[in-house]
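**Student:** Sharing input-v7.cif below, mmCIF, C-alpha atoms and all ligand atoms:
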data_query
loop_
_atom_site.label_atom_id
_atom_site.label_comp_id
_atom_site.auth_asym_id
_atom_site.auth_seq_id
_atom_site.Cartn_x
_atom_site.Cartn_y
_atom_site.Cartn_z
CA MET A 1 87.05 74.22 60.01
CA THR A 2 83.76 75.37 61.45
CA VAL A 3 80.67 73.95 59.81
CA LYS A 4 78.47 76.56 58.12
CA ILE A 5 75.02 75.77 56.82
CA SER A 6 73.11 79.07 56.71
CA HIS A 7 74.00 79.70 53.07
CA THR A 8 72.80 76.29 51.83
CA ALA A 9 69.76 75.80 49.63
CA ASP A 10 68.13 73.53 52.23
CA ILE A 11 68.33 76.16 54.96
CA HIS A 12 67.15 78.84 52.58
CA LYS A 13 64.08 76.77 51.70
CA PHE A 14 63.47 76.03 55.37
CA PHE A 15 63.44 79.74 56.30
CA GLU A 16 61.22 80.55 53.31
CA GLU A 17 58.72 78.08 54.72
CA ALA A 18 59.06 79.58 58.23
CA ALA A 19 58.50 83.08 56.78
CA GLY A 20 55.23 82.01 55.18
CA PHE A 21 56.36 81.80 51.57
CA GLY A 22 54.68 78.41 51.28
CA ASN A 23 51.20 79.91 51.71
CA ALA A 24 49.07 82.58 50.02
CA GLU A 25 47.83 84.20 53.25
CA GLY A 26 49.37 86.91 55.40
CA ASN A 27 51.34 89.97 54.36
CA PRO A 28 53.96 89.69 51.55
CA ARG A 29 55.96 92.68 52.82
CA ILE A 30 56.21 91.20 56.32
CA LYS A 31 57.13 87.81 54.86
CA SER A 32 60.08 89.38 53.01
CA ILE A 33 61.24 91.23 56.11
CA ILE A 34 60.96 88.18 58.36
CA LEU A 35 62.81 86.01 55.84
CA ARG A 36 65.68 88.48 55.86
CA VAL A 37 65.69 88.63 59.66
CA LEU A 38 65.86 84.82 59.84
CA GLN A 39 68.64 84.58 57.26
CA ASP A 40 70.68 87.36 58.85
CA THR A 41 70.17 85.91 62.34
CA ALA A 42 71.37 82.50 61.17
CA ARG A 43 74.44 84.06 59.54
CA LEU A 44 75.20 86.06 62.64
CA ILE A 45 74.92 82.95 64.83
CA GLU A 46 77.34 81.12 62.59
CA ASP A 47 79.80 83.92 61.88
CA LEU A 48 80.15 85.03 65.51
CA GLU A 49 79.78 81.48 66.81
CA ILE A 50 76.97 82.52 69.15
CA THR A 51 76.76 80.04 71.98
CA GLU A 52 73.52 78.54 73.26
CA ASP A 53 73.89 80.52 76.46
CA GLU A 54 74.40 83.75 74.53
CA PHE A 55 71.37 83.03 72.36
CA TRP A 56 69.02 82.34 75.28
CA PHE A 57 70.37 85.29 77.20
CA ALA A 58 69.41 87.48 74.22
CA VAL A 59 65.90 85.99 74.08
CA ASP A 60 65.43 86.68 77.77
CA TYR A 61 66.87 90.19 77.31
CA LEU A 62 64.19 90.96 74.69
CA ASN A 63 61.50 89.82 77.11
CA ARG A 64 62.91 92.06 79.82
CA LEU A 65 63.35 94.98 77.40
CA GLY A 66 59.73 94.80 76.29
CA GLY A 67 58.52 94.18 79.82
CA ARG A 68 60.01 97.50 80.87
CA GLY A 69 58.84 99.31 77.74
CA GLU A 70 62.41 100.20 76.84
CA ALA A 71 62.61 99.05 73.21
CA GLY A 72 62.32 102.66 71.98
CA LEU A 73 65.03 103.70 74.40
CA LEU A 74 67.43 100.99 73.25
CA VAL A 75 67.06 101.87 69.56
CA ALA A 76 67.87 105.49 70.44
CA GLY A 77 70.87 104.46 72.55
CA LEU A 78 72.27 102.16 69.88
CA GLY A 79 72.10 104.98 67.35
CA ILE A 80 69.51 103.31 65.10
CA GLU A 81 67.06 106.19 65.49
CA HIS A 82 69.85 108.63 64.52
CA PHE A 83 70.70 106.38 61.58
CA LEU A 84 67.13 106.83 60.32
CA ASP A 85 67.76 110.61 60.34
CA LEU A 86 71.03 110.22 58.46
CA LEU A 87 69.29 108.01 55.91
CA GLN A 88 66.47 110.52 55.43
CA ASP A 89 69.02 113.35 55.14
CA ALA A 90 70.80 111.45 52.37
CA LYS A 91 67.53 110.79 50.53
CA ASP A 92 66.60 114.47 50.90
CA ALA A 93 69.97 115.60 49.56
CA GLN A 94 69.50 113.38 46.53
CA ALA A 95 65.97 114.71 45.94
CA GLY A 96 67.08 118.32 46.49
CA HIS A 97 64.97 118.75 49.63
CA THR A 98 67.51 120.78 51.55
CA GLY A 99 67.60 123.81 53.81
CA GLY A 100 65.82 124.75 56.99
CA THR A 101 66.32 123.53 60.54
CA PRO A 102 67.90 120.06 60.73
CA ARG A 103 65.78 117.16 61.90
CA THR A 104 66.79 115.03 64.84
CA ILE A 105 65.30 112.06 66.65
CA GLU A 106 61.92 112.12 68.38
CA GLY A 107 62.93 109.77 71.16
CA PRO A 108 60.51 107.52 73.03
CA LEU A 109 58.87 110.03 75.37
CA TYR A 110 56.31 112.00 73.35
CA VAL A 111 52.71 112.05 74.50
CA ALA A 112 50.02 113.13 72.03
CA GLY A 113 47.21 115.49 72.90
CA ALA A 114 48.99 118.20 74.93
CA PRO A 115 46.97 121.36 75.73
CA ILE A 116 46.79 123.90 72.90
CA ALA A 117 47.61 127.58 73.44
CA HIS A 118 47.76 130.55 71.09
CA GLY A 119 51.00 132.54 70.92
CA GLU A 120 52.20 131.99 74.45
CA VAL A 121 51.79 129.65 77.39
CA ARG A 122 53.21 128.58 80.72
CA MET A 123 54.34 124.96 80.55
CA ASP A 124 55.25 124.04 84.13
CA ASP A 125 52.74 123.37 86.90
CA GLY A 126 54.83 125.17 89.53
CA ALA A 127 55.67 121.94 91.37
CA GLU A 128 59.41 122.69 91.19
CA GLU A 129 59.04 126.44 91.78
CA HIS A 130 61.58 126.43 94.60
CA LYS A 131 64.35 124.48 92.90
CA ALA A 132 63.86 125.15 89.20
CA THR A 133 65.20 128.08 87.17
CA VAL A 134 62.47 129.85 85.21
CA MET A 135 63.10 129.66 81.46
CA PHE A 136 61.67 132.03 78.85
CA LEU A 137 61.74 130.23 75.53
CA GLU A 138 60.69 131.98 72.36
CA GLY A 139 61.23 132.22 68.65
CA GLN A 140 59.69 132.28 65.23
CA VAL A 141 58.65 129.65 62.75
CA LEU A 142 59.85 130.71 59.29
CA ASP A 143 59.10 129.48 55.78
CA PRO A 144 61.82 128.62 53.22
CA ASN A 145 62.06 132.32 52.27
CA GLY A 146 62.52 133.43 55.88
CA LYS A 147 58.96 134.75 56.16
CA PRO A 148 57.06 134.12 59.41
CA VAL A 149 54.52 131.28 59.38
CA GLU A 150 51.34 132.24 61.19
CA GLY A 151 49.24 129.40 62.62
CA ALA A 152 52.07 126.85 62.75
CA THR A 153 51.74 124.25 65.52
CA VAL A 154 54.76 124.13 67.84
CA ASP A 155 54.30 120.91 69.82
CA LEU A 156 57.04 120.83 72.45
CA TRP A 157 57.97 118.66 75.40
CA HIS A 158 60.83 118.51 77.88
CA ALA A 159 61.99 117.03 81.17
CA ASN A 160 61.81 118.55 84.66
CA THR A 161 64.77 119.28 86.95
CA CYS A 162 65.16 115.53 87.60
CA GLY A 163 65.43 114.81 83.89
CA THR A 164 62.10 112.96 83.84
CA TYR A 165 59.01 113.45 81.66
CA SER A 166 55.37 113.72 82.70
CA PHE A 167 53.25 110.61 81.97
CA PHE A 168 56.34 108.36 82.14
CA ASP A 169 57.07 109.90 85.55
CA GLN A 170 53.69 109.47 87.22
CA SER A 171 54.64 111.85 90.03
CA GLN A 172 54.19 114.79 87.64
CA SER A 173 50.84 116.33 86.75
CA GLU A 174 49.15 115.48 83.45
CA TYR A 175 50.88 117.15 80.49
CA ASN A 176 53.36 118.96 82.74
CA LEU A 177 56.03 120.50 80.45
CA ARG A 178 54.09 119.49 77.33
CA ARG A 179 52.19 122.02 75.19
CA ARG A 180 51.09 122.83 71.68
CA ILE A 181 51.52 126.51 70.81
CA ILE A 182 49.94 127.99 67.68
CA THR A 183 52.19 130.75 66.29
CA ASP A 184 50.88 134.30 66.15
CA ALA A 185 50.76 136.70 63.17
CA GLU A 186 54.56 137.14 63.40
CA GLY A 187 55.07 133.37 63.39
CA ARG A 188 56.08 133.65 67.03
CA TYR A 189 55.77 131.15 69.90
CA ARG A 190 56.51 132.02 73.52
CA ALA A 191 56.76 129.70 76.49
CA ARG A 192 57.48 130.29 80.12
CA SER A 193 58.81 127.06 81.55
CA ILE A 194 61.67 125.76 83.69
CA VAL A 195 65.21 124.86 82.63
CA PRO A 196 65.19 121.09 82.07
CA SER A 197 67.87 118.70 83.28
CA GLY A 198 69.43 116.04 81.07
CA TYR A 199 67.88 112.60 80.92
CA GLY A 200 69.62 109.51 82.23
CA CYS A 201 68.61 105.92 81.53
CA ASP A 202 67.30 103.96 84.49
CA PRO A 203 70.52 102.47 85.94
CA GLN A 204 68.54 99.31 86.79
CA GLY A 205 66.91 98.99 83.36
CA PRO A 206 67.73 96.70 80.43
CA THR A 207 68.94 99.57 78.20
CA GLN A 208 71.58 100.62 80.71
CA GLU A 209 72.44 96.94 81.19
CA CYS A 210 73.31 96.77 77.49
CA LEU A 211 75.15 100.11 77.56
CA ASP A 212 77.19 98.88 80.54
CA LEU A 213 78.30 95.88 78.49
CA LEU A 214 79.38 98.34 75.77
CA GLY A 215 81.27 100.48 78.28
CA ARG A 216 78.91 103.41 77.59
CA HIS A 217 76.94 105.87 79.70
CA GLY A 218 73.22 106.49 79.19
CA GLN A 219 73.07 110.27 79.59
CA ARG A 220 71.63 113.00 77.42
CA PRO A 221 72.32 116.75 77.61
CA ALA A 222 69.40 118.95 78.68
CA HIS A 223 67.16 119.41 75.64
CA ILE A 224 63.73 120.42 74.41
CA HIS A 225 61.81 118.38 71.82
CA PHE A 226 59.73 119.86 69.01
CA PHE A 227 57.24 118.76 66.40
CA ILE A 228 56.64 121.73 64.09
CA SER A 229 53.90 121.59 61.51
CA ALA A 230 52.03 124.01 59.27
CA PRO A 231 49.88 123.66 56.15
CA GLY A 232 52.02 123.50 53.01
CA HIS A 233 55.17 122.76 54.99
CA ARG A 234 57.06 119.62 55.77
CA HIS A 235 56.61 118.29 59.30
CA LEU A 236 59.78 118.83 61.35
CA THR A 237 60.85 116.65 64.27
CA THR A 238 63.75 118.21 66.10
CA GLN A 239 65.29 119.27 69.42
CA ILE A 240 67.16 122.15 70.97
CA ASN A 241 70.11 120.87 72.97
CA LEU A 242 71.32 123.36 75.54
CA SER A 243 74.72 125.02 75.36
CA GLY A 244 77.10 124.52 78.27
CA GLU A 245 75.88 120.99 79.04
CA LYS A 246 78.36 118.29 79.99
CA TYR A 247 76.83 115.78 77.57
CA LEU A 248 76.11 118.24 74.73
CA TRP A 249 78.46 116.43 72.32
CA ASP A 250 78.49 113.14 74.25
CA ASP A 251 74.79 112.31 73.96
CA PHE A 252 74.02 108.61 74.38
CA ALA A 253 71.23 109.01 71.79
CA TYR A 254 73.32 110.99 69.27
CA ALA A 255 70.63 113.68 68.88
CA THR A 256 72.80 116.80 69.15
CA ARG A 257 73.58 118.21 65.71
CA ASP A 258 75.13 121.37 64.29
CA GLY A 259 72.37 123.95 64.10
CA LEU A 260 70.48 122.46 67.06
CA VAL A 261 72.44 123.92 69.96
CA GLY A 262 70.43 126.53 71.83
CA GLU A 263 72.40 129.30 73.51
CA ILE A 264 70.76 129.56 76.89
CA VAL A 265 71.49 132.84 78.69
CA PHE A 266 71.15 133.22 82.44
CA ARG A 267 70.16 136.64 83.83
CA GLU A 268 69.52 138.19 87.21
CA ASP A 269 68.20 141.64 86.31
CA GLY A 270 64.57 141.38 87.36
CA ALA A 271 63.56 142.45 83.83
CA ARG A 272 61.05 139.60 83.42
CA GLY A 273 59.42 140.12 86.78
CA VAL A 274 61.09 136.98 88.14
CA PRO A 275 62.97 137.39 91.41
CA GLY A 276 66.57 136.16 91.14
CA ARG A 277 68.05 134.05 88.40
CA TYR A 278 66.18 133.12 85.24
CA ALA A 279 67.09 131.92 81.77
CA GLU A 280 66.34 133.06 78.24
CA LEU A 281 66.46 130.85 75.18
CA ASN A 282 65.66 132.16 71.72
CA PHE A 283 65.37 129.71 68.87
CA ASP A 284 63.86 130.08 65.40
CA PHE A 285 62.81 127.20 63.20
CA GLN A 286 62.78 127.20 59.42
CA LEU A 287 60.53 124.74 57.62
CA GLN A 288 60.84 123.22 54.17
CA ALA A 289 57.98 123.31 51.67
CA ALA A 290 56.00 120.05 51.66
CA PRO A 291 56.79 118.13 48.45
CA GLU A 292 53.44 116.35 48.85
CA ALA A 293 50.56 116.56 51.33
CA THR A 294 51.63 113.49 53.35
CA ALA A 295 54.93 115.25 54.17
CA GLU A 296 52.95 117.68 56.37
CA GLN A 297 52.26 114.87 58.84
CA ARG A 298 54.50 113.23 61.39
CA SER A 299 55.16 109.50 61.15
CA SER A 300 52.46 107.18 62.46
CA ARG A 301 54.86 105.70 65.04
CA PRO A 302 52.77 104.35 67.94
CA ARG A 303 52.87 106.88 70.77
CA ALA A 304 51.42 107.27 74.23
CA LEU A 305 47.87 108.67 74.43
CA GLN A 306 47.34 108.79 70.70
CA GLU A 307 44.71 111.38 69.76
CA ILE A 308 41.36 109.98 68.70
C1 LIG A 401 65.05 111.23 76.11
O1 LIG A 401 64.59 112.33 76.74
C2 LIG A 401 65.29 111.33 74.81
O2 LIG A 401 65.06 112.51 74.24
C3 LIG A 401 65.78 110.25 74.09
C4 LIG A 401 66.07 110.38 72.65
C5 LIG A 401 65.99 109.06 74.72
C6 LIG A 401 65.74 108.96 76.04
C7 LIG A 401 65.27 110.04 76.74
FE FE A 402 64.12 113.82 75.57
#
Can you turn what I pasted into structure tokens?
**Tutor:**
Amino acid sequence: MTVKISHTADIHKFFEEAAGFGNAEGNPRIKSIILRVLQDTARLIEDLEITEDEFWFAVDYLNRLGGRGEAGLLVAGLGIEHFLDLLQDAKDAQAGHTGGTPRTIEGPLYVAGAPIAHGEVRMDDGAEEHKATVMFLEGQVLDPNGKPVEGATVDLWHANTCGTYSFFDQSQSEYNLRRRIITDAEGRYRARSIVPSGYGCDPQGPTQECLDLLGRHGQRPAHIHFFISAPGHRHLTTQINLSGEKYLWDDFAYATRDGLVGEIVFREDGARGVPGRYAELNFDFQLQAAPEATAEQRSSRPRALQEI
């Protein structure tokens, strides 16, 4: 029989010491979390008979993951970020906070501080004018009764035709395809942009390395991210995932949900003053009432270029 020691009193006391329970300094909450991590790690090592080589490979993997700034990408790809949504949904259902547009994951590619516009804006810098399809995106922000919300902030971001995001892709101009639009008196936002392509993990990166070992791809359908906020309403983090996409229901980050598929329509009628083919996407968002003031704010997750 295999020897198991992680459940013994001696090991428990040892990890309590390692987690700082023997001193009065530090942070009690963090001590509890670290103790649990140590205990669960020890159990996992024993139960799955993790070899020394496997253990040190994992330590090195974490170094490489952090070195490439991909920790946020891995948690999305392993479905943990989606799990947080499912957990919040379950808590909301229990508390009776239901209705409105579903939430879905933020992902790791938001940048704070995008330019602010009122009512409508052009989001692309024209750099892909000759290969991109122009997209007219518009809709309304509605309150729980279906009434338009004037002055809501629609903070949206999406990828270019290569599936990459400005800031993380330094070849794009600052805040390309990132804007904050304040809704007009009809609760309306309007954006002229370009049809995004789906994102794919860096094939050479540590996240894809893990996905390869799981026999999984690292692709997302084309999508548009949103933070929607308004006084008195609950902050909404969500996405529109585009209809007709190969990976719509095979998203490596599990972000596509019922109610979050945007029907993109391609036209060629010159009606928008665009020569040739263009796309239209209409999408309304419905907010919940904020149960308390803090619910109006997004999480304080560390993000690129945090506003000061
Ligand atoms: C993305 O664009 C994205 O939205 C997520 C969740 C993960 C990686 C890239
Ligand atoms: Fe994305």
**Student:** What gap, in Å, lies between CA of Pro275 (chain A) and CA of Ser171 (chain A)?
**Tutor:**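 Distance reported for this atom pair: 26.9 Å.
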**Student:** So that I can check the surroundings of Phe266 (chain A), please list as a ChimeraX atom specification every protein, DNA and RNA residue that reaches within 9 Å of it, counting only C-alpha atoms and ignoring chain neighbours fewer than 5 positions away.
**Tutor:** /A:135,277-281
**Student:** Go ahead and dump the residues you just picked, C-alpha atoms, as a PDB file, keeping the file's coordinate frame.
**Tutor:**
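As a result, again.pdb now contains:
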ATOM      1  CA  MET A 135      63.100 129.660  81.460  1.00  0.00           C
ATOM      2  CA  ARG A 277      68.050 134.050  88.400  1.00  0.00           C
ATOM      3  CA  TYR A 278      66.180 133.120  85.240  1.00  0.00           C
ATOM      4  CA  ALA A 279      67.090 131.920  81.770  1.00  0.00           C
ATOM      5  CA  GLU A 280      66.340 133.060  78.240  1.00  0.00           C
ATOM      6  CA  LEU A 281      66.460 130.850  75.180  1.00  0.00           C
TER       7      LEU A 281
END
**Student:** What does the distance from CA of Arg190 (chain A) to CA of Trp157 (chain A) come to in Å, to one decimal?
**Tutor:** 13.6 Å
**Student:** Could you pull the residues within 12 Å of Gly77 (chain A), counting only C-alpha atoms, minus those fewer than 4 positions along the same chain, as a ChimeraX atom specification?
**Tutor:** /A:70-73,81-83,105,107-108,200-201,206-212,214,216-220,250-255
**Student:** Using the file's own x, y and z axes, what box holds all listed atoms of region 121-138 of chain A with 4 Å on each side, keeping edges along x, y and z, and what are its centre and edge lengths in Å to one decimal, as JSON?
**Tutor:**
{"center_x": 58.5, "center_y": 127.0, "center_z": 83.5, "size_x": 21.4, "size_y": 18.1, "size_z": 30.2}
**Student:** To one decimal place, how far is atom C1 of ligand LIG 401 (chain A) from CA of Trp249 (chain A) in Å?
**Tutor:**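 Taking atom C1 of ligand LIG 401 (chain A) and CA of Trp249 (chain A), their separation equals 14.9 Å.
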**Student:** At a cut-off of 7 Å and counting all atoms listed in the file, what residues surround ligand FE 402 (chain A)? Please answer as a VMD selection string.
**Tutor:** chain A and resid 107 109 158 to 159 199 223 to 225
**Student:** Would you save the residues from that selection as a PDB file, in the coordinates of the input, using C-alpha atoms?
**Tutor:**
ATOM      1  CA  GLY A 107      62.930 109.770  71.160  1.00  0.00           C
ATOM      2  CA  LEU A 109      58.870 110.030  75.370  1.00  0.00           C
ATOM      3  CA  HIS A 158      60.830 118.510  77.880  1.00  0.00           C
ATOM      4  CA  ALA A 159      61.990 117.030  81.170  1.00  0.00           C
ATOM      5  CA  TYR A 199      67.880 112.600  80.920  1.00  0.00           C
ATOM      6  CA  HIS A 223      67.160 119.410  75.640  1.00  0.00           C
ATOM      7  CA  ILE A 224      63.730 120.420  74.410  1.00  0.00           C
ATOM      8  CA  HIS A 225      61.810 118.380  71.820  1.00  0.00           C
TER       9      HIS A 225
END
**Student:** At a cut-off of 12 Å, using only C-alpha atoms, what residues contact Arg180 (chain A)? Leave out same-chain residues fewer than 4 positions from it and give the result as an NGL selection string.
**Tutor:** :A and (111-123 or 151-157 or 175-176 or 189-191 or 225-229)
**Student:** Closest to ligand LIG 401 (chain A) among A:Arg178, A:Val195, A:Gly215, A:Thr164, using only C-alpha atoms and all ligand atoms?
**Tutor:**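 Closest residue, counting only C-alpha atoms and all ligand atoms: A:Thr164.
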**Student:** Give the answer as one residue: which of A:Glu106, A:Asp269, A:Asp47, A:Asp202 has the shortest atom-to-atom distance to ligand LIG 401 (chain A), using all atoms listed in the file?
**Tutor:** A:Glu106
**Student:** Could you give me, as a list in words, the residues that have an atom at most 9 Å away from the point (73.5, 128.3, 73.6) in the coordinates of the file, using all atoms listed in the file?
**Tutor:**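 Result, sorted by chain then residue number: Asn241, Leu242, Ser243, Gly244, Val261, Gly262, Glu263, Ile264, Val265, Leu281 and Asn282 of chain A.
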**Student:** Out of A:Ile34, A:Ala127, A:Leu142, A:Leu213, which residue has the shortest atom-to-atom distance to Ile194 (chain A) when counting all atoms listed in the file?
**Tutor:**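 Looking at the shortest contact to Ile194 (chain A), the residue is A:Ala127.
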**Student:** Quick one: residues within 8 Å of (57.8, 83.0, 53.3) (file frame), counting all atoms listed in the file, please, as an mmCIF file with C-alpha atoms, in the frame of the given file.
**Tutor:**
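Writing done, so here's part_7.cif:
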data_model
loop_
_atom_site.group_PDB
_atom_site.id
_atom_site.type_symbol
_atom_site.label_atom_id
_atom_site.label_comp_id
_atom_site.auth_asym_id
_atom_site.auth_seq_id
_atom_site.Cartn_x
_atom_site.Cartn_y
_atom_site.Cartn_z
ATOM 1 C CA PHE A 15 63.440 79.740 56.300
ATOM 2 C CA GLU A 16 61.220 80.550 53.310
ATOM 3 C CA GLU A 17 58.720 78.080 54.720
ATOM 4 C CA ALA A 18 59.060 79.580 58.230
ATOM 5 C CA ALA A 19 58.500 83.080 56.780
ATOM 6 C CA GLY A 20 55.230 82.010 55.180
ATOM 7 C CA PHE A 21 56.360 81.800 51.570
ATOM 8 C CA GLY A 22 54.680 78.410 51.280
ATOM 9 C CA ASN A 23 51.200 79.910 51.710
ATOM 10 C CA PRO A 28 53.960 89.690 51.550
ATOM 11 C CA LYS A 31 57.130 87.810 54.860
ATOM 12 C CA SER A 32 60.080 89.380 53.010
ATOM 13 C CA ILE A 34 60.960 88.180 58.360
ATOM 14 C CA LEU A 35 62.810 86.010 55.840
#
**Student:** Could you check the closest approach to Phe283 (chain A) for each of A:Thr161, A:Gln140, A:Gln172, A:Thr133 and tell me which residue wins, using all atoms listed in the file?
**Tutor:**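 Closest candidate: A:Gln140.
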**Student:** Can you pull out the residues contacting Ser299 (chain A)? Cut-off 10 Å, using only C-alpha atoms, and skip same-chain residues under 3 positions away; I want them as an NGL selection string.
**Tutor:** :A and (235 or 237 or 294-296 or 302)
**Student:** With distances taken over all atoms listed in the file, which of A:Ile33, A:Ala185, A:Leu48, A:Leu74 is nearest to ligand LIG 401 (chain A)?
**Tutor:**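 With all atoms listed in the file as the atom set, the closest residue is A:Leu74.
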**Student:** Would you please work out which residue, of A:Tyr247, A:Phe285, A:Tyr110, A:Phe167, is nearest to ligand LIG 401 (chain A) when using all atoms listed in the file?
**Tutor:** A:Tyr110
